[in-house]
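**Q** Coordinates in model14.txt, compact mmCIF, C-alpha atoms, are listed below.
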```
# COMPACT_ATOMS: atom_id res chain seq x y z
CA MET A 1 -46.56 70.73 11.22
CA GLU A 2 -43.55 69.89 13.30
CA TRP A 3 -40.81 67.86 11.58
CA THR A 4 -40.17 64.72 13.62
CA ILE A 5 -37.97 61.61 13.42
CA HIS A 6 -40.97 59.86 11.85
CA HIS A 7 -40.82 62.28 8.92
CA THR A 8 -37.06 61.77 8.67
CA VAL A 9 -37.49 58.00 8.45
CA LEU A 10 -40.26 58.31 5.85
CA ALA A 11 -38.21 60.79 3.83
CA GLY A 12 -35.22 58.45 3.98
CA ALA A 13 -37.41 55.60 2.73
CA LEU A 14 -38.75 57.75 -0.11
CA GLY A 15 -35.24 58.79 -1.11
CA THR A 16 -34.10 55.16 -1.02
CA GLY A 17 -36.98 54.20 -3.28
CA ILE A 18 -36.11 56.97 -5.73
CA VAL A 19 -32.54 55.68 -5.99
CA VAL A 20 -33.71 52.08 -6.48
CA GLY A 21 -36.29 53.12 -9.10
CA ALA A 22 -33.82 55.19 -11.09
CA ILE A 23 -31.05 52.62 -11.09
CA ALA A 24 -33.41 49.71 -11.82
CA ASN A 25 -34.81 51.62 -14.80
CA ARG A 26 -31.37 52.54 -16.09
CA SER A 27 -29.71 49.16 -15.62
CA HIS A 28 -32.69 47.04 -16.66
CA PHE A 29 -32.32 45.21 -13.32
CA CYS A 30 -35.13 42.68 -13.23
CA THR A 31 -35.42 39.46 -11.28
CA MET A 32 -37.94 37.89 -13.66
CA GLY A 33 -35.79 39.06 -16.56
CA ALA A 34 -32.86 37.32 -14.85
CA VAL A 35 -34.68 33.99 -15.02
CA SER A 36 -35.98 34.69 -18.54
CA ASP A 37 -32.46 35.52 -19.82
CA TRP A 38 -31.22 32.28 -18.32
CA VAL A 39 -34.00 30.18 -19.86
CA PHE A 40 -34.14 31.72 -23.33
CA MET A 41 -30.59 32.92 -23.92
CA GLY A 42 -28.40 31.09 -21.43
CA ASP A 43 -27.38 34.55 -20.22
CA LEU A 44 -26.81 34.89 -16.48
CA SER A 45 -25.82 38.58 -16.38
CA ARG A 46 -28.95 39.80 -14.65
CA MET A 47 -28.92 36.79 -12.33
CA ARG A 48 -25.34 37.72 -11.40
CA SER A 49 -26.47 41.29 -10.70
CA TRP A 50 -29.29 40.02 -8.49
CA PHE A 51 -26.95 37.71 -6.58
CA LEU A 52 -24.44 40.53 -6.26
CA ALA A 53 -27.20 42.60 -4.64
CA ILE A 54 -27.85 39.74 -2.21
CA ALA A 55 -24.13 39.46 -1.39
CA VAL A 56 -23.75 43.19 -0.79
CA ALA A 57 -26.93 43.35 1.30
CA LEU A 58 -25.76 40.35 3.31
CA LEU A 59 -22.23 41.64 3.92
CA LEU A 60 -23.35 45.11 4.96
CA THR A 61 -26.11 43.69 7.15
CA LEU A 62 -23.60 41.35 8.81
CA GLY A 63 -21.46 44.43 9.43
CA LEU A 64 -24.36 46.21 11.08
CA GLU A 65 -25.10 43.19 13.23
CA GLY A 66 -21.43 42.67 13.98
CA VAL A 67 -21.01 46.14 15.47
CA GLY A 68 -24.35 45.89 17.24
CA ALA A 69 -25.98 48.64 15.17
CA VAL A 70 -29.13 46.64 14.44
CA ASP A 71 -30.93 43.73 16.05
CA LEU A 72 -32.62 41.50 13.46
CA ASP A 73 -33.86 38.94 15.94
CA SER A 74 -36.88 40.89 17.13
CA GLY A 75 -39.23 43.65 16.06
CA LEU A 76 -38.87 42.90 12.35
CA PHE A 77 -41.48 43.39 9.66
CA PRO A 78 -41.97 40.82 8.35
CA PRO A 79 -40.48 38.50 10.98
CA TYR A 80 -37.98 36.76 8.70
CA ARG A 81 -36.23 34.83 11.46
CA ASN A 82 -39.31 33.74 13.39
CA GLY A 83 -38.91 30.28 14.84
CA ASN A 84 -42.03 28.81 13.28
CA LEU A 85 -40.71 27.57 9.96
CA GLN A 86 -43.81 27.27 7.79
CA TRP A 87 -42.05 25.68 4.86
CA VAL A 88 -45.29 25.06 2.92
CA ARG A 89 -45.96 28.78 3.07
CA HIS A 90 -42.55 29.62 1.66
CA LEU A 91 -42.55 26.98 -1.07
CA LEU A 92 -46.14 27.43 -2.21
CA GLY A 93 -46.13 31.22 -1.88
CA GLY A 94 -42.83 31.51 -3.68
CA PHE A 95 -43.89 29.21 -6.49
CA LEU A 96 -47.16 31.09 -7.04
CA PHE A 97 -45.29 34.38 -6.97
CA GLY A 98 -42.79 33.07 -9.52
CA ILE A 99 -45.60 32.11 -11.90
CA GLY A 100 -47.35 35.43 -11.31
CA MET A 101 -44.37 37.68 -11.93
CA THR A 102 -43.66 35.88 -15.20
CA LEU A 103 -47.21 36.40 -16.45
CA ALA A 104 -47.39 40.00 -15.20
CA SER A 105 -44.15 41.26 -16.80
CA GLY A 106 -42.08 41.42 -13.64
CA CYS A 107 -41.90 41.31 -9.86
CA GLY A 108 -43.21 43.93 -7.44
CA ASN A 109 -40.24 46.24 -7.90
CA LYS A 110 -40.35 45.90 -11.69
CA THR A 111 -44.07 46.66 -11.61
CA ALA A 112 -43.30 49.94 -9.83
CA VAL A 113 -40.42 50.68 -12.24
CA ARG A 114 -42.69 50.03 -15.23
CA ILE A 115 -45.38 52.34 -13.84
CA GLY A 116 -42.78 55.09 -13.57
CA GLY A 117 -41.88 54.47 -17.20
CA GLY A 118 -45.50 54.93 -18.30
CA ASN A 119 -46.73 51.33 -18.36
CA LEU A 120 -50.43 51.40 -17.43
CA LYS A 121 -50.65 47.61 -17.52
CA SER A 122 -48.40 47.58 -14.48
CA LEU A 123 -50.71 50.07 -12.79
CA VAL A 124 -53.53 47.53 -13.17
CA VAL A 125 -51.18 44.84 -11.82
CA LEU A 126 -50.36 47.02 -8.80
CA ALA A 127 -54.05 47.68 -8.15
CA VAL A 128 -54.90 43.96 -8.21
CA ILE A 129 -51.94 42.98 -6.03
CA GLY A 130 -52.79 45.85 -3.69
CA LEU A 131 -56.43 44.79 -3.29
CA ILE A 132 -55.48 41.17 -2.60
CA ALA A 133 -52.69 42.11 -0.19
CA TYR A 134 -55.06 44.55 1.55
CA TRP A 135 -57.71 41.86 1.92
CA LEU A 136 -55.21 39.30 3.21
CA VAL A 137 -53.35 41.58 5.59
CA TRP A 138 -55.85 44.21 6.70
CA ARG A 139 -59.22 42.43 6.32
CA ASN A 140 -58.13 39.16 7.90
CA GLY A 141 -58.32 37.25 4.60
CA TYR A 142 -55.07 35.52 5.55
CA ALA A 143 -57.04 33.45 8.10
CA LEU A 144 -58.31 31.39 5.15
CA LEU A 145 -54.74 30.60 4.07
CA GLU A 146 -53.44 29.93 7.58
CA PRO A 147 -54.29 26.18 7.63
CA ILE A 148 -52.34 25.69 4.40
CA ALA A 149 -49.50 27.98 5.45
CA SER A 150 -48.96 26.33 8.80
CA PHE A 151 -49.32 22.74 7.59
CA ALA A 152 -46.49 20.59 8.97
CA ALA A 153 -44.69 23.67 10.31
CA ILE A 154 -41.50 23.02 12.26
CA THR A 155 -40.66 25.00 15.35
CA PHE A 156 -37.13 26.16 16.14
CA PRO A 157 -35.84 28.86 18.48
CA THR A 158 -35.10 30.84 15.30
CA GLN A 159 -34.77 30.03 11.60
CA GLU A 160 -31.50 31.93 11.22
CA LEU A 161 -29.16 29.59 9.31
CA SER A 162 -26.32 29.19 11.81
CA HIS A 163 -28.83 28.31 14.55
CA LEU A 164 -30.47 25.75 12.28
CA LEU A 165 -27.11 24.18 11.47
CA PHE A 166 -25.36 24.38 14.83
CA GLY A 167 -28.24 24.66 17.33
CA SER A 168 -27.29 25.99 20.73
CA LYS A 169 -23.62 26.16 19.70
CA ALA A 170 -24.41 29.00 17.30
CA THR A 171 -22.81 32.31 18.19
CA LEU A 172 -22.73 35.75 16.61
CA LEU A 173 -19.25 34.96 15.31
CA LEU A 174 -20.50 31.76 13.68
CA HIS A 175 -23.40 33.66 12.13
CA LEU A 176 -21.01 36.25 10.74
CA ALA A 177 -18.61 33.61 9.41
CA LEU A 178 -21.40 31.67 7.75
CA GLY A 179 -22.80 34.85 6.24
CA VAL A 180 -19.41 35.84 4.84
CA ALA A 181 -19.04 32.36 3.33
CA VAL A 182 -22.46 32.61 1.65
CA ALA A 183 -21.68 36.12 0.40
CA ALA A 184 -18.29 34.98 -0.92
CA ALA A 185 -19.94 32.15 -2.86
CA LEU A 186 -22.42 34.63 -4.36
CA LEU A 187 -19.64 37.07 -5.26
CA ILE A 188 -17.64 34.32 -6.93
CA PHE A 189 -20.71 33.33 -8.95
CA ALA A 190 -21.28 36.97 -9.95
CA PHE A 191 -17.74 37.92 -10.89
CA ARG A 192 -16.42 34.72 -12.41
CA ASP A 193 -17.85 35.84 -15.74
CA ALA A 194 -15.64 38.27 -17.69
CA GLU A 195 -18.63 39.69 -19.57
CA PHE A 196 -20.34 40.60 -16.30
CA ARG A 197 -17.15 42.14 -14.93
CA ARG A 198 -17.31 44.61 -17.83
CA ASN A 199 -21.01 45.41 -17.31
CA ARG A 200 -20.79 48.52 -15.18
CA GLU A 201 -24.54 49.17 -15.14
CA LEU A 202 -25.49 45.77 -13.74
CA ILE A 203 -22.60 45.85 -11.27
CA ALA A 204 -23.68 49.30 -10.09
CA ALA A 205 -27.28 48.10 -9.79
CA GLY A 206 -26.26 45.12 -7.67
CA LEU A 207 -24.04 47.26 -5.45
CA VAL A 208 -26.56 50.05 -4.97
CA ILE A 209 -29.63 47.86 -4.45
CA GLY A 210 -27.72 45.69 -1.97
CA ALA A 211 -26.52 48.78 -0.12
CA THR A 212 -30.03 50.25 0.08
CA VAL A 213 -31.23 47.11 1.88
CA ALA A 214 -28.60 47.60 4.59
CA PHE A 215 -29.30 51.34 4.69
CA LEU A 216 -33.00 50.73 5.40
CA TRP A 217 -32.13 48.19 8.11
CA TRP A 218 -30.01 50.90 9.73
CA LEU A 219 -32.58 53.65 9.18
CA THR A 220 -35.42 51.68 10.76
CA GLY A 221 -33.46 49.55 13.22
CA GLY A 222 -30.28 51.50 13.97
CA THR A 223 -29.84 54.77 15.83
CA PRO A 224 -32.59 56.60 13.88
CA GLY A 225 -34.84 53.56 14.33
CA THR A 226 -34.42 53.64 18.11
CA ALA A 227 -35.44 57.32 18.20
CA TRP A 228 -38.30 56.51 15.82
CA ARG A 229 -39.67 53.80 18.12
CA GLU A 230 -39.45 56.13 21.11
CA TYR A 231 -41.31 58.78 19.15
CA ALA A 232 -44.02 56.29 18.12
CA GLU A 233 -44.48 55.12 21.69
CA PHE A 234 -45.49 58.58 22.80
CA ALA A 235 -47.21 59.78 19.62
CA ASP A 236 -50.88 60.77 19.96
CA VAL A 237 -51.68 58.58 16.97
CA ALA A 238 -49.30 55.67 16.49
CA PRO A 239 -47.82 55.52 12.97
CA SER A 240 -48.16 52.36 10.89
CA ARG A 241 -45.50 49.63 10.95
CA VAL A 242 -42.86 51.09 13.22
CA ASN A 243 -40.61 48.08 12.81
CA THR A 244 -37.11 47.25 11.69
CA GLN A 245 -37.61 46.65 7.97
CA SER A 246 -36.10 46.99 4.52
CA LEU A 247 -36.95 46.65 0.84
CA THR A 248 -40.15 44.72 0.15
CA PHE A 249 -43.02 45.42 -2.22
CA ILE A 250 -46.12 43.24 -1.90
CA ALA A 251 -47.30 44.11 1.62
CA PRO A 252 -46.72 47.83 0.88
CA MET A 253 -49.05 47.54 -2.12
CA GLY A 254 -51.73 46.37 0.33
CA ASP A 255 -50.75 49.23 2.63
CA LEU A 256 -51.29 51.61 -0.29
CA VAL A 257 -54.90 50.43 -0.62
CA HIS A 258 -55.26 50.65 3.16
CA TYR A 259 -54.10 54.26 3.02
CA LEU A 260 -56.33 55.12 0.06
CA THR A 261 -59.41 53.94 1.97
CA ALA A 262 -58.79 56.84 4.38
CA PRO A 263 -56.31 59.31 2.85
CA SER A 264 -56.75 61.80 5.67
CA GLU A 265 -55.22 59.30 8.11
CA THR A 266 -51.63 60.12 7.26
CA GLN A 267 -50.32 57.86 10.02
CA ARG A 268 -51.03 55.06 7.55
CA LEU A 269 -48.19 56.31 5.35
CA ASN A 270 -45.34 53.99 6.26
CA VAL A 271 -41.81 53.05 5.24
CA GLY A 272 -42.78 50.35 2.74
CA LEU A 273 -45.29 52.64 1.08
CA MET A 274 -42.70 55.42 0.82
CA VAL A 275 -40.20 53.07 -0.79
CA LEU A 276 -42.85 51.89 -3.26
CA MET A 277 -43.77 55.47 -4.20
CA GLY A 278 -40.10 56.36 -4.38
CA VAL A 279 -39.39 53.59 -6.88
CA VAL A 280 -42.22 54.81 -9.13
CA LEU A 281 -40.97 58.39 -8.80
CA GLY A 282 -37.31 57.51 -9.40
CA SER A 283 -38.17 55.50 -12.48
CA PHE A 284 -40.49 58.27 -13.72
CA VAL A 285 -37.83 60.96 -13.37
CA TYR A 286 -35.25 58.75 -15.07
CA ALA A 287 -37.68 57.99 -17.92
CA LEU A 288 -38.38 61.72 -18.38
CA ILE A 289 -34.70 62.65 -18.38
CA THR A 290 -33.82 59.96 -20.90
CA ARG A 291 -37.00 60.54 -22.92
CA SER A 292 -37.90 56.88 -22.58
CA PHE A 293 -41.27 57.56 -20.92
CA ARG A 294 -44.04 56.03 -23.00
CA ILE A 295 -47.60 55.06 -22.29
CA GLU A 296 -48.17 51.32 -22.69
CA TRP A 297 -51.48 49.48 -22.55
CA PHE A 298 -52.65 45.90 -23.06
CA ALA A 299 -52.00 44.58 -26.56
CA ASP A 300 -55.15 42.44 -26.51
CA TRP A 301 -57.50 40.47 -24.29
CA LYS A 302 -54.96 37.68 -23.86
CA ASP A 303 -52.35 40.16 -22.69
CA PHE A 304 -54.85 41.56 -20.17
CA ARG A 305 -55.79 38.08 -18.95
CA ASN A 306 -52.13 37.12 -18.46
CA HIS A 307 -51.41 40.23 -16.42
CA LEU A 308 -54.58 39.80 -14.36
CA VAL A 309 -53.85 36.16 -13.51
CA GLY A 310 -50.22 37.08 -12.83
CA ALA A 311 -51.23 39.89 -10.48
CA VAL A 312 -53.62 37.64 -8.55
CA LEU A 313 -50.89 35.02 -8.12
CA MET A 314 -48.37 37.66 -7.08
CA GLY A 315 -50.80 39.04 -4.50
CA PHE A 316 -51.53 35.68 -2.90
CA GLY A 317 -48.03 34.29 -3.44
CA GLY A 318 -46.28 37.41 -2.15
CA ILE A 319 -48.20 37.46 1.12
CA LEU A 320 -48.14 33.68 1.54
CA GLY A 321 -44.39 33.50 0.81
CA MET A 322 -43.84 36.51 3.10
CA GLY A 323 -42.21 38.53 0.37
CA CYS A 324 -41.22 38.95 -3.23
CA THR A 325 -37.93 38.67 -5.11
CA PHE A 326 -36.76 41.74 -3.21
CA GLY A 327 -38.54 41.19 0.13
CA GLN A 328 -37.42 37.59 0.51
CA GLY A 329 -34.94 37.32 -2.37
CA ILE A 330 -32.63 40.10 -1.13
CA THR A 331 -33.86 41.56 2.18
CA GLY A 332 -34.84 38.24 3.77
CA LEU A 333 -31.64 36.60 2.60
CA SER A 334 -29.60 39.37 4.20
CA THR A 335 -30.87 38.03 7.55
CA LEU A 336 -29.82 34.47 6.62
CA ALA A 337 -33.35 33.26 7.35
CA PHE A 338 -33.90 29.75 5.99
CA GLY A 339 -37.49 30.54 4.96
CA SER A 340 -36.20 33.31 2.69
CA MET A 341 -33.97 30.80 0.94
CA LEU A 342 -36.93 28.47 0.43
CA THR A 343 -39.04 31.30 -0.99
CA LEU A 344 -36.27 32.41 -3.33
CA VAL A 345 -35.74 28.92 -4.73
CA ALA A 346 -39.51 28.47 -5.13
CA ILE A 347 -39.88 31.83 -6.92
CA ILE A 348 -37.14 30.95 -9.39
CA ALA A 349 -38.66 27.49 -9.88
CA GLY A 350 -42.12 28.96 -10.50
CA SER A 351 -40.79 31.46 -12.98
CA TYR A 352 -38.60 28.87 -14.73
CA ALA A 353 -41.52 26.43 -15.11
CA THR A 354 -43.81 29.16 -16.43
CA LEU A 355 -41.28 30.36 -18.99
CA LYS A 356 -40.76 26.81 -20.22
CA PHE A 357 -44.53 26.31 -20.38
CA LEU A 358 -45.05 29.59 -22.29
CA TYR A 359 -42.47 28.57 -24.87
CA TRP A 360 -43.84 25.04 -25.18
CA LYS A 361 -47.38 26.43 -25.60
CA MET A 362 -46.23 28.92 -28.21
CA MET A 363 -44.39 26.21 -30.15
CA HIS A 364 -47.60 24.18 -30.30
CA GLU A 365 -49.81 27.06 -31.36
CA GLU A 366 -50.45 27.61 -35.03
CA GLY A 367 -49.14 30.66 -36.86
CA MET B 1 -33.40 46.85 -45.05
CA GLN B 2 -34.33 43.55 -46.69
CA PHE B 3 -36.07 41.05 -44.47
CA ASP B 4 -37.85 37.73 -44.88
CA LYS B 5 -40.38 37.74 -42.07
CA THR B 6 -41.96 40.23 -39.67
CA LEU B 7 -42.84 39.72 -36.03
CA ASP B 8 -45.16 42.29 -34.51
CA ALA B 9 -44.54 42.32 -30.76
CA ARG B 10 -46.01 45.77 -30.17
CA GLY B 11 -47.73 46.14 -26.82
CA LEU B 12 -46.03 43.07 -25.35
CA ASN B 13 -43.60 43.15 -22.46
CA CYS B 14 -40.73 40.94 -21.37
CA PRO B 15 -40.51 37.97 -21.73
CA LEU B 16 -43.01 37.70 -24.61
CA PRO B 17 -41.09 39.59 -27.35
CA ILE B 18 -38.07 37.32 -26.74
CA VAL B 19 -40.20 34.15 -26.56
CA LYS B 20 -41.91 35.03 -29.83
CA THR B 21 -38.63 36.00 -31.48
CA LYS B 22 -37.06 32.71 -30.47
CA LYS B 23 -40.05 30.78 -31.79
CA THR B 24 -40.20 32.68 -35.09
CA LEU B 25 -36.47 32.27 -35.70
CA SER B 26 -36.80 28.54 -35.11
CA GLU B 27 -39.13 28.40 -38.11
CA MET B 28 -36.71 30.27 -40.40
CA SER B 29 -33.66 29.17 -42.34
CA SER B 30 -30.08 30.16 -41.67
CA GLY B 31 -29.22 33.53 -43.24
CA GLN B 32 -32.81 34.78 -43.34
CA VAL B 33 -33.60 38.10 -41.64
CA LEU B 34 -36.41 38.61 -39.13
CA LYS B 35 -37.85 42.07 -38.56
CA VAL B 36 -39.14 42.50 -34.99
CA ILE B 37 -41.31 45.46 -34.02
CA ALA B 38 -41.64 46.10 -30.27
CA THR B 39 -42.74 48.90 -27.96
CA ASP B 40 -41.33 47.74 -24.63
CA PRO B 41 -38.38 50.05 -23.83
CA GLY B 42 -36.66 47.02 -22.29
CA SER B 43 -36.65 45.29 -25.67
CA VAL B 44 -33.63 47.36 -26.77
CA LYS B 45 -31.34 45.70 -24.24
CA ASP B 46 -33.19 42.37 -24.48
CA MET B 47 -32.72 42.05 -28.25
CA SER B 48 -29.08 43.06 -28.05
CA ALA B 49 -28.43 40.45 -25.36
CA PHE B 50 -30.47 37.85 -27.25
CA ALA B 51 -28.43 38.40 -30.41
CA LYS B 52 -25.14 38.22 -28.54
CA GLN B 53 -26.03 35.09 -26.61
CA THR B 54 -27.72 33.11 -29.37
CA GLY B 55 -25.42 34.03 -32.27
CA ASN B 56 -28.29 35.45 -34.34
CA GLU B 57 -26.72 38.68 -35.57
CA LEU B 58 -28.49 41.97 -34.91
CA VAL B 59 -27.89 43.46 -38.35
CA GLY B 60 -30.01 46.56 -37.89
CA GLN B 61 -31.92 48.59 -35.34
CA GLU B 62 -34.04 51.71 -35.70
CA GLN B 63 -36.86 53.61 -34.10
CA GLU B 64 -40.15 54.14 -35.94
CA GLY B 65 -42.26 56.58 -33.96
CA ASN B 66 -42.95 54.89 -30.63
CA ALA B 67 -41.76 51.50 -31.83
CA TYR B 68 -38.36 49.86 -31.79
CA VAL B 69 -37.46 47.87 -34.89
CA PHE B 70 -34.83 45.13 -34.90
CA TYR B 71 -33.42 43.06 -37.77
CA LEU B 72 -32.06 39.70 -36.70
CA LYS B 73 -30.19 37.43 -39.12
CA LYS B 74 -30.64 33.79 -38.24
CA ALA B 75 -27.35 32.01 -37.53
```
As C-alpha cells, please, write out the structure in this file.

**A**
Amino acid sequence: MEWTIHHTVLAGALGTGIVVGAIANRSHFCTMGAVSDWVFMGDLSRMRSWFLAIAVALLLTLGLEGVGAVDLDSGLFPPYRNGNLQWVRHLLGGFLFGIGMTLASGCGNKTAVRIGGGNLKSLVVLAVIGLIAYWLVWRNGYALLEPIASFAAITFPTQELSHLLFGSKATLLLHLALGVAVAAALLIFAFRDAEFRRNRELIAAGLVIGATVAFLWWLTGGTPGTAWREYAEFADVAPSRVNTQSLTFIAPMGDLVHYLTAPSETQRLNVGLMVLMGVVLGSFVYALITRSFRIEWFADWKDFRNHLVGAVLMGFGGILGMGCTFGQGITGLSTLAFGSMLTLVAIIAGSYATLKFLYWKMMHEEG
Amino acid sequence: MQFDKTLDARGLNCPLPIVKTKKTLSEMSSGQVLKVIATDPGSVKDMSAFAKQTGNELVGQEQEGNAYVFYLKKA
C-alpha cells in the first residue's frame, strides 16, 4: 500500500486524539463535570479549563484565518457558519444533549476517555449514540427531525458573529478584533481565580485541547488539507468526509457504525473516527501507565436505564445541535458561529437543570 | 477510622457519588464522619475538590481493593 496524504491526515488525526485522550484522563477535564462542580460545589475550576480551551482554540484559529492559512467559510464539516440559522435546532439539540451527558456520565469525549479507562458502561453509551447518529446521518433519519430543526429559521449571508453584528460592514479585521475580545473575556474569566492559576493540570488541559482544535483546522484545511482535497478528487474511491474539520465526537460515533457495517471499505475511515479512536487509545495507554485502568459495569438497573436514556438524548441532541460540548462548545466557537454559542448555552442549561432535578429527586426519595 | 455513616457509591460515576454524598451529609450533624466507598477513578479528585469547596474536611482516604474509600467530616 502506498502512503498518501490521506494516510498522513488520518495519522495526524489519530495522534491528536491520543494526546486529547491522555491529557483528558490525566487532568480530569470534563465538560459535564465542569457544570456538576459548579452546581454541587460552587467550584468553577473545570469550567475555567473548558473556557481556556475555547479561548486558545479561538485565538489560534483567528491566527490561522488572519494569515490566510485556512478558510472557515466554506467546505466545513459540519458547516458551522452556514447562513441558515436554525436556532430551534441549536437550542433544542443542545438542551437534549446537556440532559443526556449528565445522565450518561459525560459528554462524547468523556465517553471515549472512560472507555479507555475500562468503563464498559461508556461502551454501551457509545454504541447507542453511534446507532442513533448512524440512523440520523447515514440512513436519512434526520429527515424526520428537519421540520422541527428548521422551524422559524432565519437566513443570513453567514452566521459568523461579526457579520451578524455589523452586516455588510464586517471585515476580516473586525472578525479578528471581535474574536480577540471574546477570547480575552474568556481568559480573564479563567485566570482571575488564584486557585485555578495554580492548577497546572487543568491549565495544561485547556491549552493543549484548545491547540489541538487549531491544529486539526490546519491539518484538514491548511496546506496539508489542500493536498488532501486534491488527492481525494483524483482517488479511485473517494475517502469519507474530506472537509475542513476539527474536534467533534457525535457524528464520528455514527461514522464508526457506518464503517463497521462494511469494515473492508477502508475509505470510510475518516478524520473524526480517527480522533475518536485516538482518544480511547490515549486514555487507555494513560490508564495502563498509571495503573488506573479498571473494568466498570452498571451498578444496577437504574444505572443502566439512566445511561441508556442519556445516550439516546446525546445521540439525537448531538446531531440536532450539530455538535457536542467539544464539537460546538470548543470547535464551533473557534469559528465564532452564533449557532455554536446557542448550542453551548443550551447544553449547559440542560445539564444544569438535570443536575438540579437529580438532587431534588434524591432529596425527596426515602433512605 | 471511626465513622458514623456509610455511603456505598460503588459502580456509580460522576456526578452521582457527589450528589449522594451531598445528600447524605445534609442528613448528618456537624462533626460526624461519613465513609464513602466509590469505584469511579474520577472520585479521587472529585471528593478532594468537594471537601475543599464545601468545608467538609476529608479526614482520611484509602484504597480497598478496587474501591476508593473516603472519610468526610461534616462541617

**Q** So which residues touch Glu62 in chain B within 12 Å, counting only C-alpha atoms, skipping near sequence neighbours fewer than 2 positions away, as a list of chain:residue names?

**A**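 Skipping anything fewer than 2 positions along the chain leaves B:Met1, B:Lys35, B:Val36, B:Ile37, B:Ala38, B:Thr39, B:Val44, B:Leu58, B:Val59, B:Gly60, B:Glu64, B:Gly65, B:Asn66, B:Ala67, B:Tyr68, B:Val69, B:Phe70, B:Tyr71.
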
**Q** With all atoms listed in the file as the counted atoms, please give the residues lying no more than 12 Å from Ser168 in chain A, apart from itself and same-chain residues fewer than 6 positions off, as number ranges by chain.

**A** A: 156-158, 160, 162, 174

**Q** Could you tell me how far CA of Leu85 in chain A lies from CA of Ile154 in chain A, in Å and to one decimal?

**A**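 Between CA of Leu85 in chain A and CA of Ile154 in chain A the gap is 5.2 Å.
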
**Q** At a cut-off of 9 Å, which residues of chain B touch chain A? Count only C-alpha atoms and give the answer as a PyMOL selection string.

**A** chain B and resi 9-16+18-20+22-23+39-42+45-46+49-54+66

**Q** Create the file for the chosen residues now, containing C-alpha atoms and written as a PDB file, in the coordinates of the input.

**A**
```
ATOM      1  CA  ALA B   9     -44.540  42.320 -30.760  1.00  0.00           C
ATOM      2  CA  ARG B  10     -46.010  45.770 -30.170  1.00  0.00           C
ATOM      3  CA  GLY B  11     -47.730  46.140 -26.820  1.00  0.00           C
ATOM      4  CA  LEU B  12     -46.030  43.070 -25.350  1.00  0.00           C
ATOM      5  CA  ASN B  13     -43.600  43.150 -22.460  1.00  0.00           C
ATOM      6  CA  CYS B  14     -40.730  40.940 -21.370  1.00  0.00           C
ATOM      7  CA  PRO B  15     -40.510  37.970 -21.730  1.00  0.00           C
ATOM      8  CA  LEU B  16     -43.010  37.700 -24.610  1.00  0.00           C
ATOM      9  CA  ILE B  18     -38.070  37.320 -26.740  1.00  0.00           C
ATOM     10  CA  VAL B  19     -40.200  34.150 -26.560  1.00  0.00           C
ATOM     11  CA  LYS B  20     -41.910  35.030 -29.830  1.00  0.00           C
ATOM     12  CA  LYS B  22     -37.060  32.710 -30.470  1.00  0.00           C
ATOM     13  CA  LYS B  23     -40.050  30.780 -31.790  1.00  0.00           C
ATOM     14  CA  THR B  39     -42.740  48.900 -27.960  1.00  0.00           C
ATOM     15  CA  ASP B  40     -41.330  47.740 -24.630  1.00  0.00           C
ATOM     16  CA  PRO B  41     -38.380  50.050 -23.830  1.00  0.00           C
ATOM     17  CA  GLY B  42     -36.660  47.020 -22.290  1.00  0.00           C
ATOM     18  CA  LYS B  45     -31.340  45.700 -24.240  1.00  0.00           C
ATOM     19  CA  ASP B  46     -33.190  42.370 -24.480  1.00  0.00           C
ATOM     20  CA  ALA B  49     -28.430  40.450 -25.360  1.00  0.00           C
ATOM     21  CA  PHE B  50     -30.470  37.850 -27.250  1.00  0.00           C
ATOM     22  CA  ALA B  51     -28.430  38.400 -30.410  1.00  0.00           C
ATOM     23  CA  LYS B  52     -25.140  38.220 -28.540  1.00  0.00           C
ATOM     24  CA  GLN B  53     -26.030  35.090 -26.610  1.00  0.00           C
ATOM     25  CA  THR B  54     -27.720  33.110 -29.370  1.00  0.00           C
ATOM     26  CA  ASN B  66     -42.950  54.890 -30.630  1.00  0.00           C
TER      27      ASN B  66
END
```

**Q** Which residue is closest to Gly179 in chain A? Choose from A:Thr61, A:Thr331, A:Ser283, A:Thr8 and count all atoms listed in the file.

**A**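 Going through A:Thr61, A:Thr331, A:Ser283, A:Thr8 one by one, the smallest distance to Gly179 in chain A is for A:Thr61.
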
**Q** Hey, can you check how far CA of Ala143 in chain A sits from CA of Ile319 in chain A?

**A** 12.0 Å

**Q** Tell me, in Å to one decimal, how far CA of Asn56 in chain B is from CA of Arg198 in chain A.

**A**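 Computed distance, CA of Asn56 in chain B to CA of Arg198 in chain A, equals 21.8 Å.
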
**Q** Axis-aligned box over every listed atom of range 6-20 of chain A, padded by 3 Å per side: centre and edges in Å to one decimal, as lines of an AutoDock Vina configuration file?

**A**
```
center_x = -36.8
center_y = 57.2
center_z = 2.7
size_x = 14.4
size_y = 16.2
size_z = 24.3
```
